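> Enclosed is the structure file entry.csv (CSV, C-alpha atoms (C1' of nucleotides) and all ligand atoms).
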chain,number,residue,atom,x,y,z
A,1,MET,CA,146.5,126.5,106.5
A,2,THR,CA,143.1,125.0,106.5
A,3,GLN,CA,141.7,125.1,110.0
A,4,LYS,CA,140.2,121.6,110.1
A,5,GLN,CA,139.1,121.6,113.8
A,6,GLU,CA,135.9,123.6,114.0
A,7,GLN,CA,135.7,125.8,117.0
A,8,LEU,CA,132.6,125.0,118.9
A,9,SER,CA,130.5,127.7,120.5
A,10,LYS,CA,129.5,127.6,124.2
A,11,ASN,CA,126.2,125.9,123.8
A,12,GLN,CA,127.5,123.5,121.2
A,13,GLN,CA,130.3,122.5,123.6
A,14,ILE,CA,128.0,122.0,126.5
A,15,VAL,CA,125.6,119.8,124.5
A,16,LEU,CA,128.5,117.8,123.0
A,17,ASN,CA,130.0,117.2,126.4
A,18,ILE,CA,126.7,115.7,127.7
A,19,ILE,CA,126.4,113.4,124.6
A,20,GLU,CA,129.9,112.3,124.8
A,21,LYS,CA,129.7,111.4,128.5
A,22,ALA,CA,126.5,109.4,128.0
A,23,LYS,CA,126.6,105.7,127.7
A,24,GLY,CA,123.9,105.6,125.0
A,25,PRO,CA,121.9,107.9,122.7
A,26,LEU,CA,120.2,110.8,124.4
A,27,LYS,CA,116.9,112.4,123.5
A,28,ALA,CA,116.8,116.2,123.0
A,29,TYR,CA,114.6,116.9,126.0
A,30,SER,CA,116.8,114.7,128.2
A,31,ILE,CA,119.7,116.7,127.1
A,32,LEU,CA,117.8,119.9,127.8
A,33,TYR,CA,117.1,118.7,131.3
A,34,ASN,CA,120.8,117.8,131.8
A,35,VAL,CA,122.1,121.2,130.7
A,36,GLN,CA,119.7,123.5,132.5
A,37,LYS,CA,122.2,123.9,135.3
A,38,ARG,CA,124.6,125.2,132.7
A,39,GLY,CA,122.3,128.0,131.5
A,40,ILE,CA,120.6,126.4,128.6
A,41,LYS,CA,116.9,127.0,129.1
A,42,ALA,CA,115.0,126.3,125.9
A,43,PRO,CA,114.5,123.4,123.5
A,44,LEU,CA,115.7,125.5,120.6
A,45,GLN,CA,119.0,126.1,122.2
A,46,VAL,CA,119.5,122.4,122.3
A,47,TYR,CA,118.2,121.7,118.8
A,48,ARG,CA,120.4,124.4,117.3
A,49,ALA,CA,123.5,122.9,118.9
A,50,LEU,CA,122.4,119.4,117.8
A,51,GLU,CA,122.0,120.6,114.2
A,52,LYS,CA,125.4,122.1,114.1
A,53,LEU,CA,127.1,119.1,115.8
A,54,ILE,CA,125.4,116.7,113.3
A,55,GLU,CA,126.5,119.0,110.4
A,56,ILE,CA,130.2,118.8,111.4
A,57,GLY,CA,129.9,115.0,112.2
A,58,LYS,CA,130.5,115.1,115.9
A,59,ILE,CA,127.2,113.4,116.6
A,60,HIS,CA,124.6,111.4,114.7
A,61,LYS,CA,120.9,111.1,115.0
A,62,ILE,CA,119.4,107.6,115.5
A,63,GLU,CA,116.3,108.2,113.4
A,64,SER,CA,114.4,105.2,114.7
A,65,LYS,CA,114.8,106.6,118.3
A,66,ASN,CA,114.8,110.3,117.8
A,67,ALA,CA,118.0,110.3,119.8
A,68,PHE,CA,121.5,111.6,119.5
A,69,ILE,CA,124.8,109.8,119.9
A,70,ALA,CA,128.5,110.9,119.7
A,71,CYS,CA,130.4,109.7,116.7
A,72,LYS,CA,132.9,107.0,117.6
A,73,ASN,CA,134.1,106.6,114.1
A,74,SER,CA,136.8,109.1,113.3
A,75,ASP,CA,136.7,108.1,109.7
A,76,CYS,CA,133.1,109.1,109.4
A,77,GLU,CA,132.8,111.4,106.5
A,78,ILE,CA,130.9,114.2,108.2
A,79,SER,CA,127.7,112.4,108.9
A,80,LYS,CA,127.4,111.3,105.3
A,81,ALA,CA,127.5,107.5,105.8
A,82,THR,CA,126.4,106.0,109.1
A,83,ALA,CA,125.5,102.6,110.3
A,84,PHE,CA,124.4,101.4,113.7
A,85,SER,CA,123.4,98.3,115.5
A,86,ILE,CA,120.5,98.6,117.9
A,87,CYS,CA,119.5,96.1,120.6
A,88,ASN,CA,115.8,95.5,120.6
A,89,ASN,CA,115.9,94.5,124.3
A,90,CYS,CA,118.3,96.9,126.2
A,91,GLU,CA,118.3,99.6,123.5
A,92,HIS,CA,122.1,99.6,123.4
A,93,VAL,CA,123.3,101.4,120.3
A,94,LYS,CA,126.7,101.1,118.7
A,95,GLU,CA,128.1,102.8,115.7
A,96,ILE,CA,129.4,100.2,113.2
A,97,LYS,CA,132.9,100.8,111.9
A,98,ASN,CA,133.3,98.4,109.0
A,99,THR,CA,135.3,99.3,105.9
A,100,LYS,CA,133.8,96.6,103.8
A,101,LEU,CA,130.3,97.6,104.6
A,102,SER,CA,130.9,101.3,104.1
A,103,LYS,CA,132.6,100.7,100.8
A,104,TYR,CA,129.8,98.4,99.7
A,105,LEU,CA,127.2,100.9,100.5
A,106,SER,CA,129.0,103.9,99.1
A,107,ASN,CA,129.6,102.2,95.9
A,108,PHE,CA,126.1,100.7,95.7
A,109,GLU,CA,124.2,101.4,92.5
A,110,ASP,CA,120.5,100.9,92.4
A,111,ASN,CA,118.7,99.4,89.4
A,112,SER,CA,118.7,102.7,87.5
A,113,GLY,CA,122.5,103.0,87.9
A,114,MET,CA,122.2,105.7,90.5
A,115,LYS,CA,124.8,106.1,93.3
A,116,TYR,CA,124.3,107.8,96.7
A,117,LYS,CA,126.9,109.7,98.7
A,118,LYS,CA,124.9,109.7,101.9
A,119,TYR,CA,123.1,106.9,103.7
A,120,ASN,CA,121.9,105.8,107.1
A,121,LEU,CA,121.6,102.2,108.1
A,122,GLU,CA,120.1,100.9,111.3
A,123,PHE,CA,120.4,97.2,112.2
A,124,PHE,CA,118.2,95.7,114.8
A,125,GLY,CA,118.7,92.6,116.9
A,126,LEU,CA,119.8,91.4,120.3
A,127,CYS,CA,123.2,92.5,121.6
A,128,LYS,CA,125.6,89.9,123.0
A,129,ASP,CA,124.6,90.4,126.6
A,130,CYS,CA,120.9,90.2,125.9
A,131,LYS,CA,121.4,87.1,123.8
A,132,LEU,CA,123.1,85.3,126.7
A,133,LYS,CA,120.4,86.3,129.2
A,134,GLN,CA,117.6,84.9,127.1
B,1,MET,CA,94.8,75.6,105.7
B,2,THR,CA,96.8,78.5,106.9
B,3,GLN,CA,95.0,81.7,106.1
B,4,LYS,CA,98.0,83.7,104.8
B,5,GLN,CA,96.2,86.8,103.6
B,6,GLU,CA,95.4,88.9,106.6
B,7,GLN,CA,91.9,90.3,106.7
B,8,LEU,CA,92.2,94.0,107.3
B,9,SER,CA,89.8,95.9,109.5
B,10,LYS,CA,87.8,98.8,108.3
B,11,ASN,CA,90.1,101.5,109.5
B,12,GLN,CA,93.2,99.6,108.4
B,13,GLN,CA,91.7,99.3,104.9
B,14,ILE,CA,90.9,103.0,104.7
B,15,VAL,CA,94.3,104.0,105.8
B,16,LEU,CA,96.0,101.5,103.4
B,17,ASN,CA,94.0,102.8,100.5
B,18,ILE,CA,95.1,106.3,101.0
B,19,ILE,CA,98.7,105.3,101.3
B,20,GLU,CA,98.6,103.1,98.3
B,21,LYS,CA,97.0,105.8,96.2
B,22,ALA,CA,99.6,108.4,97.2
B,23,LYS,CA,102.5,109.1,94.9
B,24,GLY,CA,104.9,109.4,97.8
B,25,PRO,CA,105.1,108.9,101.6
B,26,LEU,CA,102.3,110.4,103.7
B,27,LYS,CA,102.5,111.9,107.1
B,28,ALA,CA,100.2,110.6,109.8
B,29,TYR,CA,98.3,113.9,110.2
B,30,SER,CA,98.0,114.3,106.4
B,31,ILE,CA,96.4,110.8,106.4
B,32,LEU,CA,94.1,111.8,109.2
B,33,TYR,CA,93.0,114.8,107.2
B,34,ASN,CA,92.4,112.7,104.1
B,35,VAL,CA,90.3,110.1,105.9
B,36,GLN,CA,88.1,112.4,108.0
B,37,LYS,CA,85.4,112.2,105.4
B,38,ARG,CA,85.4,108.5,105.9
B,39,GLY,CA,84.7,108.6,109.6
B,40,ILE,CA,88.1,108.5,111.1
B,41,LYS,CA,88.3,111.4,113.5
B,42,ALA,CA,91.3,111.0,115.8
B,43,PRO,CA,95.1,110.6,115.4
B,44,LEU,CA,95.0,107.4,117.4
B,45,GLN,CA,92.8,105.7,114.9
B,46,VAL,CA,95.3,106.5,112.2
B,47,TYR,CA,98.3,105.5,114.3
B,48,ARG,CA,96.8,102.2,115.3
B,49,ALA,CA,96.1,101.3,111.7
B,50,LEU,CA,99.6,102.4,110.7
B,51,GLU,CA,101.1,100.2,113.4
B,52,LYS,CA,99.2,97.1,112.2
B,53,LEU,CA,99.9,97.8,108.5
B,54,ILE,CA,103.6,98.1,109.3
B,55,GLU,CA,103.5,94.9,111.4
B,56,ILE,CA,102.1,92.9,108.5
B,57,GLY,CA,104.4,94.5,106.0
B,58,LYS,CA,101.9,96.4,103.9
B,59,ILE,CA,103.6,99.7,104.6
B,60,HIS,CA,106.9,101.0,105.9
B,61,LYS,CA,107.9,104.0,107.9
B,62,ILE,CA,110.4,106.3,106.4
B,63,GLU,CA,112.2,107.2,109.6
B,64,SER,CA,114.0,110.2,108.4
B,65,LYS,CA,110.7,111.8,107.3
B,66,ASN,CA,108.2,110.4,109.8
B,67,ALA,CA,106.2,109.3,106.9
B,68,PHE,CA,104.6,106.2,105.6
B,69,ILE,CA,104.7,104.5,102.2
B,70,ALA,CA,103.1,101.4,100.7
B,71,CYS,CA,105.4,98.4,100.3
B,72,LYS,CA,106.2,97.9,96.6
B,73,ASN,CA,108.4,94.9,97.2
B,74,SER,CA,106.3,91.8,97.4
B,75,ASP,CA,109.3,89.9,98.7
B,76,CYS,CA,109.7,92.1,101.7
B,77,GLU,CA,109.9,89.9,104.7
B,78,ILE,CA,107.2,91.6,106.8
B,79,SER,CA,109.0,94.9,107.4
B,80,LYS,CA,112.1,93.2,108.5
B,81,ALA,CA,114.5,94.4,105.9
B,82,THR,CA,113.9,97.6,104.1
B,83,ALA,CA,115.9,100.0,101.9
B,84,PHE,CA,114.9,103.2,100.3
B,85,SER,CA,116.3,105.9,98.1
B,86,ILE,CA,115.3,109.4,99.0
B,87,CYS,CA,115.8,112.5,96.8
B,88,ASN,CA,117.2,115.4,98.7
B,89,ASN,CA,115.6,117.8,96.3
B,90,CYS,CA,112.1,116.7,95.4
B,91,GLU,CA,111.7,114.3,98.3
B,92,HIS,CA,110.9,111.4,96.0
B,93,VAL,CA,111.1,108.1,97.8
B,94,LYS,CA,111.5,104.7,96.3
B,95,GLU,CA,111.8,101.3,97.9
B,96,ILE,CA,114.9,99.5,96.7
B,97,LYS,CA,114.4,96.0,95.5
B,98,ASN,CA,117.8,94.5,95.1
B,99,THR,CA,118.5,90.9,95.9
B,100,LYS,CA,122.3,91.4,96.2
B,101,LEU,CA,121.9,94.2,98.6
B,102,SER,CA,119.3,92.5,100.8
B,103,LYS,CA,121.4,89.3,100.9
B,104,TYR,CA,124.5,91.3,101.7
B,105,LEU,CA,122.8,93.1,104.6
B,106,SER,CA,121.0,90.1,105.9
B,107,ASN,CA,124.2,88.1,106.1
B,108,PHE,CA,126.3,91.0,107.4
B,109,GLU,CA,128.2,90.2,110.5
B,110,ASP,CA,129.6,93.0,112.6
B,111,ASN,CA,133.1,92.9,114.1
B,112,SER,CA,131.8,90.9,117.1
B,113,GLY,CA,130.3,88.3,114.8
B,114,MET,CA,126.8,89.4,115.4
B,115,LYS,CA,124.1,89.1,112.7
B,116,TYR,CA,120.9,91.0,112.4
B,117,LYS,CA,117.5,89.9,111.1
B,118,LYS,CA,116.1,93.3,110.8
B,119,TYR,CA,117.4,96.5,109.3
B,120,ASN,CA,116.4,99.8,107.7
B,121,LEU,CA,118.6,101.6,105.2
B,122,GLU,CA,117.9,105.0,103.8
B,123,PHE,CA,120.0,106.3,100.9
B,124,PHE,CA,120.0,110.0,100.1
B,125,GLY,CA,120.9,111.7,96.8
B,126,LEU,CA,119.5,113.3,93.8
B,127,CYS,CA,116.9,111.4,91.7
B,128,LYS,CA,117.4,111.2,88.0
B,129,ASP,CA,115.0,114.0,87.2
B,130,CYS,CA,116.5,116.4,89.7
B,131,LYS,CA,120.0,115.5,88.5
B,132,LEU,CA,119.1,116.5,85.0
B,133,LYS,CA,117.5,119.8,86.1
B,134,GLN,CA,120.6,120.9,87.9
C,1,DC,C1',136.4,150.2,113.3
C,2,DT,C1',132.9,148.4,110.4
C,3,DT,C1',130.3,145.1,108.4
C,4,DA,C1',128.6,140.6,107.9
C,5,DA,C1',127.8,136.2,109.7
C,6,DT,C1',126.9,133.3,113.5
C,7,DT,C1',125.2,132.4,117.8
C,8,DT,C1',122.2,133.4,121.5
C,9,DG,C1',118.0,134.2,124.3
C,10,DT,C1',113.1,134.1,124.6
C,11,DT,C1',108.3,133.2,123.8
C,12,DA,C1',105.0,130.9,121.4
C,13,DT,C1',103.4,127.2,118.7
C,14,DA,C1',103.5,123.4,115.3
C,15,DA,C1',104.0,118.6,114.5
C,16,DT,C1',104.3,113.9,115.9
C,17,DA,C1',102.8,110.3,119.0
C,18,DT,C1',100.9,107.7,123.1
C,19,DA,C1',98.1,106.9,127.6
C,20,DA,C1',94.0,105.5,129.6
C,21,DC,C1',89.3,104.0,129.5
C,22,DG,C1',85.3,101.9,128.2
C,23,DT,C1',82.7,99.9,124.2
C,24,DT,C1',82.1,97.1,120.2
C,25,DT,C1',83.2,93.6,117.0
C,26,DG,C1',85.1,89.3,115.5
C,27,DT,C1',86.9,84.4,116.6
C,28,DT,C1',87.1,80.2,118.9
C,29,DA,C1',85.6,76.4,121.5
C,30,DT,C1',82.1,74.1,124.0
D,1,DA,C1',74.1,79.7,120.2
D,2,DT,C1',76.7,81.3,123.6
D,3,DA,C1',80.4,82.0,126.6
D,4,DA,C1',85.1,83.4,126.6
D,5,DC,C1',88.7,85.7,124.6
D,6,DA,C1',91.2,88.7,121.5
D,7,DA,C1',91.3,92.4,118.4
D,8,DA,C1',89.7,96.7,116.9
D,9,DC,C1',87.2,100.9,117.8
D,10,DG,C1',85.9,105.6,119.7
D,11,DT,C1',87.1,109.4,122.5
D,12,DT,C1',89.4,112.6,125.5
D,13,DA,C1',93.4,114.1,127.2
D,14,DT,C1',98.2,114.6,127.2
D,15,DA,C1',103.1,113.5,126.2
D,16,DT,C1',106.9,114.1,123.1
D,17,DT,C1',109.5,116.0,119.5
D,18,DA,C1',110.6,120.0,116.7
D,19,DT,C1',110.3,124.7,114.6
D,20,DA,C1',108.8,129.8,113.7
D,21,DA,C1',109.7,134.4,114.6
D,22,DC,C1',112.2,138.2,116.3
D,23,DA,C1',115.6,140.9,118.8
D,24,DA,C1',120.1,141.1,121.1
D,25,DA,C1',124.8,139.7,121.6
D,26,DT,C1',129.0,137.7,120.1
D,27,DT,C1',132.5,136.5,116.8
D,28,DA,C1',135.1,136.6,112.3
D,29,DA,C1',136.9,139.2,108.5
D,30,DG,C1',138.2,143.2,105.7
E,201,ZN,ZN,130.2,108.5,113.0
E,202,ZN,ZN,120.8,94.3,124.6
E,203,ZN,ZN,108.6,96.6,101.4
E,204,ZN,ZN,114.3,114.5,92.9
Would you mind writing the structure in this file as structure tokens?


Amino acid sequence: MTQKQEQLSKNQQIVLNIIEKAKGPLKAYSILYNVQKRGIKAPLQVYRALEKLIEIGKIHKIESKNAFIACKNSDCEISKATAFSICNNCEHVKEIKNTKLSKYLSNFEDNSGMKYKKYNLEFFGLCKDCKLKQ
Amino acid sequence: MTQKQEQLSKNQQIVLNIIEKAKGPLKAYSILYNVQKRGIKAPLQVYRALEKLIEIGKIHKIESKNAFIACKNSDCEISKATAFSICNNCEHVKEIKNTKLSKYLSNFEDNSGMKYKKYNLEFFGLCKDCKLKQ
DNA sequence: CTTAATTTGTTATAATATAACGTTTGTTAT
DNA sequence: ATAACAAACGTTATATTATAACAAATTAAG
């Protein structure tokens, strides 16, 4: 009976709740500010929770923004393979769920024949809304 | 007569030289340390040079490492489309030059039919050397 | 219960990056 | 050449992001 669903600790649950409620990616110190009423006082408490949540695939880090977003892709293999679209104007971020893309990248071989299990892809452009407004 | 070759300023040239000589990506403060003998004293001088060098496509930022590497891909469209392989063990970083991959990603349409001109892809795995040593 | 592993709390500090300001240098057009 | 503008520079201070170190508390397993 493999216990698949990890049991989150108190701080991990608090941090995850904030991130899941947010409309977009949150920065660590913005998370800290938001959870201070719930007893988390120091950056490290936030970073530790973030580390664990990333490890188990509940959230991802948007590297180009140093921000954290909840995983919306249930098929995500534990943070191994991630792809996002990022709007240059409104900063809207969306996790891309596209089987063809993920297959293509997971099977990609570089010129030396090497394959990679893990990748992070960030696309930049204008989201629909921002494109219309221009 | 369009002057295609940008003329670099003094600081930009100094910073670029350091990065081009390096075997791998350099961090901003490591660059700063390396160029202090050449008159650059403050972080901002380095960051300004880095910004410009990225803008004209001479270097790229490895987002997952907060480090900077010289462009080895002459076809790189001014930092618009970048892909790297990163070794989890020895931290070796290599820019991927693969026409199929770049075409695939440049033409990629997400589920809403949106295309992206700019992207950054970072693959993680074990480089050849490290794989052998295991 | 006992032991080991994980999580927590706390303080301090490291590492990365930008704001603000005035000066200097380089380019362009008259 | 020189006025006008843009780009780059120098400098100080500060903001932002992230980790080290250590002790206490909690949880999971035998
Ligand atoms: Zn995901
Ligand atoms: Zn937008
Ligand atoms: Zn390049
Ligand atoms: Zn390696």

> Between C1' of DT16 in chain C and CA of Lys27 in chain B, what is the distance, to one decimal in Å?

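Atom-to-atom, C1' of DT16 in chain C to CA of Lys27 in chain B, that is 9.2 Å.
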
> Mind dumping a table of every chain A residue within 10 Å of chain C, with the nearest atom pair and its distance in Å to one decimal, using only C-alpha atoms (C1' of nucleotides), sorted by chain and rising number, as a Markdown table?


| residue | atom | partner | partner_atom | distance |
| --- | --- | --- | --- | --- |
| A:Ser9 | CA | C:DT7 | C1' | 7.6 |
| A:Lys10 | CA | C:DT7 | C1' | 9.1 |
| A:Asn11 | CA | C:DT8 | C1' | 8.8 |
| A:Gln12 | CA | C:DT7 | C1' | 9.8 |
| A:Ile40 | CA | C:DG9 | C1' | 9.3 |
| A:Lys41 | CA | C:DG9 | C1' | 8.7 |
| A:Ala42 | CA | C:DT10 | C1' | 8.1 |
| A:Leu44 | CA | C:DG9 | C1' | 9.7 |
| A:Gln45 | CA | C:DT8 | C1' | 8.0 |
| A:Arg48 | CA | C:DT7 | C1' | 9.3 |
| A:Ala49 | CA | C:DT7 | C1' | 9.7 |

> Provide as a ChimeraX atom specification the residues of chain B at most 9 Å from chain A, counting all atoms listed in the file.

/B:63-64,83,85,96-98,101,105,108,110-112,114-128

> Select from chain D every residue with an atom at most 9 Å from any atom of chain B, then for each give the shortest pair of atoms and their distance in Å to one decimal, using all atoms listed in the file, rows by chain and rising number, as a Markdown table.


| residue | atom | partner | partner_atom | distance |
| --- | --- | --- | --- | --- |
| D:DA8 | C1' | B:Ser9 | CA | 7.4 |
| D:DC9 | C1' | B:Gln45 | CA | 7.9 |
| D:DG10 | C1' | B:Gln45 | CA | 8.4 |
| D:DT11 | C1' | B:Ala42 | CA | 8.1 |

> Select the residues contacting ligand ZN 201 (chain E) at a distance of at most 7 Å, based on only C-alpha atoms (C1' of nucleotides) and all ligand atoms, then format the selection as a PyMOL selection string.

chain A and resi 57+59-60+71-74+76+79+82+95

> Only C-alpha atoms, please: the residues just picked out, written as a PDB file, keeping the file's coordinate frame.


ATOM      1  CA  GLY A  57     129.900 115.000 112.200  1.00  0.00           C
ATOM      2  CA  ILE A  59     127.200 113.400 116.600  1.00  0.00           C
ATOM      3  CA  HIS A  60     124.600 111.400 114.700  1.00  0.00           C
ATOM      4  CA  CYS A  71     130.400 109.700 116.700  1.00  0.00           C
ATOM      5  CA  LYS A  72     132.900 107.000 117.600  1.00  0.00           C
ATOM      6  CA  ASN A  73     134.100 106.600 114.100  1.00  0.00           C
ATOM      7  CA  SER A  74     136.800 109.100 113.300  1.00  0.00           C
ATOM      8  CA  CYS A  76     133.100 109.100 109.400  1.00  0.00           C
ATOM      9  CA  SER A  79     127.700 112.400 108.900  1.00  0.00           C
ATOM     10  CA  THR A  82     126.400 106.000 109.100  1.00  0.00           C
ATOM     11  CA  GLU A  95     128.100 102.800 115.700  1.00  0.00           C
TER      12      GLU A  95
END

> At a cut-off of 7 Å from (96.8, 108.7, 111.5) in the coordinates of the file, what residues are picked up using all atoms listed in the file, written as a list of chain:residue names?

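Result, sorted by chain then residue number: B:Ala28, B:Tyr29, B:Ile31, B:Leu32, B:Pro43, B:Leu44, B:Gln45, B:Val46, B:Tyr47, B:Leu50.
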
> For ligand ZN 204 (chain E), which of B:Leu132, B:Cys90, B:Val35, B:Leu8 is the closest residue, counting all atoms listed in the file?

B:Cys90

> What would range 63-72 of chain A look like with all heavy atoms restored, written as a PDB file, in the frame of the given file?


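Printed below is out_33.pdb as written:
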ATOM      1  N   GLU A  63     117.663 107.739 113.922  1.00  0.00           N
ATOM      2  CA  GLU A  63     116.300 108.200 113.400  1.00  0.00           C
ATOM      3  C   GLU A  63     115.212 107.347 114.062  1.00  0.00           C
ATOM      4  O   GLU A  63     114.151 107.884 114.365  1.00  0.00           O
ATOM      5  CB  GLU A  63     116.281 108.063 111.915  1.00  0.00           C
ATOM      6  CG  GLU A  63     117.186 109.022 111.181  1.00  0.00           C
ATOM      7  CD  GLU A  63     116.652 110.462 111.208  1.00  0.00           C
ATOM      8  OE1 GLU A  63     115.552 110.689 111.734  1.00  0.00           O
ATOM      9  OE2 GLU A  63     117.359 111.352 110.706  1.00  0.00           O
ATOM     10  N   SER A  64     115.433 106.072 114.237  1.00  0.00           N
ATOM     11  CA  SER A  64     114.400 105.200 114.700  1.00  0.00           C
ATOM     12  C   SER A  64     114.070 105.501 116.223  1.00  0.00           C
ATOM     13  O   SER A  64     113.080 105.015 116.761  1.00  0.00           O
ATOM     14  CB  SER A  64     114.688 103.755 114.558  1.00  0.00           C
ATOM     15  OG  SER A  64     115.852 103.418 115.287  1.00  0.00           O
ATOM     16  N   LYS A  65     114.928 106.285 116.858  1.00  0.00           N
ATOM     17  CA  LYS A  65     114.800 106.600 118.300  1.00  0.00           C
ATOM     18  C   LYS A  65     114.642 108.054 118.585  1.00  0.00           C
ATOM     19  O   LYS A  65     114.461 108.420 119.756  1.00  0.00           O
ATOM     20  CB  LYS A  65     115.924 105.996 119.081  1.00  0.00           C
ATOM     21  CG  LYS A  65     115.993 104.486 119.044  1.00  0.00           C
ATOM     22  CD  LYS A  65     116.960 103.968 120.093  1.00  0.00           C
ATOM     23  CE  LYS A  65     116.836 102.464 120.249  1.00  0.00           C
ATOM     24  NZ  LYS A  65     115.496 102.033 120.683  1.00  0.00           N
ATOM     25  N   ASN A  66     114.774 108.885 117.581  1.00  0.00           N
ATOM     26  CA  ASN A  66     114.800 110.300 117.800  1.00  0.00           C
ATOM     27  C   ASN A  66     115.804 110.635 118.964  1.00  0.00           C
ATOM     28  O   ASN A  66     115.475 111.344 119.910  1.00  0.00           O
ATOM     29  CB  ASN A  66     113.449 110.873 118.169  1.00  0.00           C
ATOM     30  CG  ASN A  66     112.482 110.709 117.028  1.00  0.00           C
ATOM     31  OD1 ASN A  66     112.826 110.956 115.882  1.00  0.00           O
ATOM     32  ND2 ASN A  66     111.278 110.257 117.339  1.00  0.00           N
ATOM     33  N   ALA A  67     116.992 110.085 118.808  1.00  0.00           N
ATOM     34  CA  ALA A  67     118.000 110.300 119.800  1.00  0.00           C
ATOM     35  C   ALA A  67     119.355 110.544 119.190  1.00  0.00           C
ATOM     36  O   ALA A  67     119.546 110.277 118.003  1.00  0.00           O
ATOM     37  CB  ALA A  67     118.069 109.060 120.751  1.00  0.00           C
ATOM     38  N   PHE A  68     120.279 111.059 120.006  1.00  0.00           N
ATOM     39  CA  PHE A  68     121.500 111.600 119.500  1.00  0.00           C
ATOM     40  C   PHE A  68     122.703 110.907 120.166  1.00  0.00           C
ATOM     41  O   PHE A  68     122.701 110.745 121.382  1.00  0.00           O
ATOM     42  CB  PHE A  68     121.566 113.077 119.594  1.00  0.00           C
ATOM     43  CG  PHE A  68     120.379 113.741 118.934  1.00  0.00           C
ATOM     44  CD1 PHE A  68     119.174 113.895 119.628  1.00  0.00           C
ATOM     45  CD2 PHE A  68     120.428 114.147 117.605  1.00  0.00           C
ATOM     46  CE1 PHE A  68     118.060 114.476 119.026  1.00  0.00           C
ATOM     47  CE2 PHE A  68     119.319 114.723 116.996  1.00  0.00           C
ATOM     48  CZ  PHE A  68     118.136 114.887 117.705  1.00  0.00           C
ATOM     49  N   ILE A  69     123.713 110.545 119.380  1.00  0.00           N
ATOM     50  CA  ILE A  69     124.800 109.800 119.900  1.00  0.00           C
ATOM     51  C   ILE A  69     126.133 110.385 119.368  1.00  0.00           C
ATOM     52  O   ILE A  69     126.170 110.871 118.242  1.00  0.00           O
ATOM     53  CB  ILE A  69     124.701 108.300 119.540  1.00  0.00           C
ATOM     54  CG1 ILE A  69     125.676 107.444 120.329  1.00  0.00           C
ATOM     55  CG2 ILE A  69     124.883 108.099 118.045  1.00  0.00           C
ATOM     56  CD1 ILE A  69     125.428 105.949 120.129  1.00  0.00           C
ATOM     57  N   ALA A  70     127.182 110.327 120.177  1.00  0.00           N
ATOM     58  CA  ALA A  70     128.500 110.900 119.700  1.00  0.00           C
ATOM     59  C   ALA A  70     129.061 109.943 118.661  1.00  0.00           C
ATOM     60  O   ALA A  70     128.902 108.729 118.731  1.00  0.00           O
ATOM     61  CB  ALA A  70     129.421 110.978 120.904  1.00  0.00           C
ATOM     62  N   CYS A  71     129.743 110.530 117.716  1.00  0.00           N
ATOM     63  CA  CYS A  71     130.400 109.700 116.700  1.00  0.00           C
ATOM     64  C   CYS A  71     131.631 109.064 117.264  1.00  0.00           C
ATOM     65  O   CYS A  71     132.472 109.715 117.866  1.00  0.00           O
ATOM     66  CB  CYS A  71     130.800 110.620 115.498  1.00  0.00           C
ATOM     67  SG  CYS A  71     131.676 109.705 114.215  1.00  0.00           S
ATOM     68  N   LYS A  72     131.702 107.761 117.063  1.00  0.00           N
ATOM     69  CA  LYS A  72     132.900 107.000 117.600  1.00  0.00           C
ATOM     70  C   LYS A  72     133.737 106.548 116.436  1.00  0.00           C
ATOM     71  O   LYS A  72     134.613 105.724 116.619  1.00  0.00           O
ATOM     72  CB  LYS A  72     132.358 105.810 118.387  1.00  0.00           C
ATOM     73  CG  LYS A  72     131.599 106.154 119.645  1.00  0.00           C
ATOM     74  CD  LYS A  72     132.534 106.622 120.755  1.00  0.00           C
ATOM     75  CE  LYS A  72     131.768 107.189 121.945  1.00  0.00           C
ATOM     76  NZ  LYS A  72     130.673 106.347 122.410  1.00  0.00           N
TER      77      LYS A  72
END
